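Shown next, in structure tokens, is the structure this report addresses.
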Amino acid sequence: MLRRRVLSSLFVMSLLSACATPSGVTSAENTAATARAPSPFHVERSGKGRPVVFIPGLSSSGDVWRETVAHLGGQYDSHVLTLAGFAGQPAVSAPFFETQRRAVAAYLREQGLEKPILVGHSLGGVLALAVAADVPEHVGGVVVVDSLPFLPAGMYPGATVESSRPYADQMRTQMRTQPIAQRNEVLRQTMRRYITDEAKQDIAFGWGTQSDTETVAQAMYELMTTDLRPELPRITAPTLVLGSWIALKGQVPRETVEAVYKGQYATLAHARVVMHDTARHFIMWDDAEGFFRELDGFLGAHAPVAQVEPRR
């Protein structure tokens with residue numbers, strides 16, 4: 001029962017906005033938006049220096065990183081993504097996760113980014129891991145904000161993709177058919193539990209209601225049936241994993257949650273797992289100072305070695 005409660009909470013933390021249905025966005029409007037010029041993601045770029053690519057979570061806008069980018073003060077070449085179908089962005093056809101991991105890897109190559117740091121929250125963290133495994137030569141570091149390589153294994157250590165598929169399919173069907181009012185109420189309750197600040201809760205709720213239902217449902221299905229643990233050894237970049245457990249306080253011991261995180265990242269040789277004791281799932285919002293401290297430390301510790309011209 002203890003492990004089941006751990007996964008239930010970790011799973012919900014990784015979803016957050018998944019229960020939302022776009023209020024006022026019709027299927028016809030989504031189809032028209034997709035027909036215009038669908039792109040895997042929208043990018044906002046600013047600053048100069050070492051490239052850092054920020055990937056938000058399910059149904060979230062890239063604006064979730066606004067305070068983080070401001071904190072960096074233009075000293076880094078920041079690339080902030082908003083994934084297709086989320087927070088008002090036009091949707092793309094399935095598959096969702098495979099399309100995104102290929103597109104992000106292609107973006108790193110096409111932009112000529114030199115050893116960028118990938119920073120991903122929730123689903124964005126899983127995507128960052130996938131890209132780092134696919135093109136390790138193009139990634140200089142990974143920061144995962146509260147996510148796991150394989151969510152179902154948080155409850156059942158022996159879970160596999162195949163054993164998880166029926167549950168994932170059931171969830172996808174429920175998300176597609178659940179009434180709007182019911183989904184939005186679940187979303188409201190979830191935001192209250194996993195974001196402390198009420199104003200931030202409202203912001204994230206708004207992103208959820210602007211997200212495409214089919215995209216969110218499909219993304220969750222694929223996330224639940226994607227096990228990245230066998231791919232972790234391919235990642236050569238140093239990795240920082242920031243975990244949250246405070247929402248489980250009184251239900252599950254901190255040590256139990258930490259063991260789940262460390263167990264799933266055990267085969268990633270260069271990973272360091274840090275559990276936050278005050279921040280909820282949106283760590284960069286809930287404990288901005290602590291998050292900035294960890295991020296600054298990681299960026300500083302893994303700065304590229306300057307090339308020194310030989311003396312003549």
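By convention here, the chains of the structure tokens are called A, B, ... in the order presented, each chain's residues are numbered starting at 1, and ligands are numbered starting at 1 in the order presented.
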Report task. Tell me which protein, DNA and RNA residues are within 10 Å of Thr82 of chain A, counting only C-alpha atoms, leaving out same-chain ones fewer than 5 positions away, and put them as a list of chain:residue names. Result ->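 So the residues in contact are A:Pro40, A:Phe41, A:His42, A:Val43, A:Glu44, A:Phe54, A:Ile55, A:Pro56, A:Gly57, A:Leu58, A:Ser59, A:Ser60, A:Ser61, A:Gly62, A:Asp63, A:Val64, A:Ala87, A:Gly88, A:Gln89, A:Gly124.
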Report task. Would you kindly return, as a list of chain:residue names, each protein, DNA or RNA residue with an atom no farther than 9 Å from any atom of Glu258 of chain A, considering only C-alpha atoms and excluding same-chain residues fewer than 5 positions away? Result -> A:Gly243, A:Ser244, A:Trp245, A:Pro253, A:Gly263, A:Val273, A:Val274, A:Met275
Query raised in the report: Any idea what's packed within 10 Å of segment 193-199 of chain A, counting only C-alpha atoms, ignoring anything in its chain fewer than 3 positions away? Could you give it as a PyMOL selection string?
Result: chain A and resi 9+12-13+16+187-190+202-205+244+246-248+279-283+285-287
Report task. Name the residues of segment 51-197 of chain A that come out as strand (DSSP E or B) in a backbone DSSP run; write them as an MDAnalysis selection string. Result -> chainID A and resid 51:55 77:83 117:121 141:145
Requested in this report: Extract, using only C-alpha atoms, all DNA, RNA and protein residues at most 12 Å from Leu242 of chain A, discarding same-chain residues fewer than 5 positions from it, and format them as a VMD selection string.
Outcome: chain A and resid 119 to 122 125 142 to 148 258 261 to 262 265 271 to 277 279 to 284 287 290 to 295 298
Requested in this report: Run DSSP on the backbone and give me the residues of segment 17-148 of chain A it puts in alpha helix (DSSP H), as a PyMOL selection string.
Outcome: chain A and resi 27-36+66-72+97-110+123-134
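Closest to Ile117 of chain A among A:Ser78, A:Thr160, A:Gln170, A:Ser93 is A:Ser78, based on only C-alpha atoms.
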**Report entry** Nearest-residue call for Thr99 of chain A, choices A:Val260, A:Ala159, A:Ala84, A:Ala132, using only C-alpha atoms
**Finding:**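 Closest to Thr99 of chain A, using only C-alpha atoms: A:Ala84.
In this structure, atom CA of Leu151 of chain A sits 28.3 Å away from atom CA of His302 of chain A.
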Requested in this report: Could you tell me which of A:Ser164, A:Gly208, A:Gly158, A:Leu113 comes closest to Arg183 of chain A if we count only C-alpha atoms?
Outcome: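 The closest residue to Arg183 of chain A is A:Gly208.
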Query raised in the report: Which residue out of A:Thr267, A:Gln100, A:Asn184, A:Ser46 has the minimum interatomic distance to Thr213 of chain A when only C-alpha atoms are used?
Result: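 Using only C-alpha atoms, the shortest distance to Thr213 of chain A belongs to A:Asn184.
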**Report entry** Separation of atom CA of Glu67 of chain A from atom CA of Leu228 of chain A in Å
**Finding:**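 Going from atom CA of Leu228 of chain A over to atom CA of Glu67 of chain A covers 29.5 Å.
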Query raised in the report: atom CA of Gly85 of chain A and atom CA of Asp212 of chain A, how far apart in Å?
Result: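 Here the two named atoms are 5.1 Å from each other.
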Within 12 Å of Thr225 of chain A, counting only C-alpha atoms, which residues show up once you throw out same-chain ones fewer than 5 positions away? Write them as a short mmCIF file (atom, residue, chain, number, x, y, z; two decimals) with C-alpha atoms, in the first residue's frame, please.
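The file below, result.cif, is the result:
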data_model
loop_
_atom_site.label_atom_id
_atom_site.label_comp_id
_atom_site.auth_asym_id
_atom_site.auth_seq_id
_atom_site.Cartn_x
_atom_site.Cartn_y
_atom_site.Cartn_z
CA PHE A 97 6.61 11.75 -27.52
CA GLU A 98 8.59 10.26 -30.40
CA PRO A 149 12.21 7.64 -16.33
CA PHE A 150 9.26 5.20 -15.98
CA LEU A 151 6.26 6.31 -13.95
CA PRO A 152 4.45 2.96 -13.52
CA ALA A 153 7.47 1.40 -11.81
CA ALA A 159 6.02 -3.03 -14.06
CA THR A 160 6.71 -3.21 -17.78
CA VAL A 161 5.50 -1.27 -20.77
CA GLU A 162 3.15 -4.12 -21.69
CA SER A 163 1.70 -4.50 -18.20
CA SER A 164 1.13 -0.74 -18.03
CA ARG A 165 -0.53 -0.46 -21.43
CA PRO A 166 -4.12 -1.42 -20.39
CA TYR A 167 -4.11 1.13 -17.56
CA ALA A 168 -2.64 3.79 -19.84
CA ASP A 169 -5.28 3.08 -22.48
CA MET A 171 -6.69 6.65 -18.73
CA ARG A 172 -6.52 7.96 -22.29
CA GLN A 218 -2.10 10.86 -26.19
CA ALA A 219 0.95 12.36 -24.50
CA MET A 220 -0.03 10.76 -21.21
#
Query raised in the report: So which residues touch Val139 of chain A within 7 Å, counting only C-alpha atoms, skipping near sequence neighbours fewer than 3 positions away, as a list in words?
Result: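 So, after excluding close chain neighbours, the residues are Lys115, Pro116, Ile117, Ala132, Val135, Pro136 and Ala237 of chain A.
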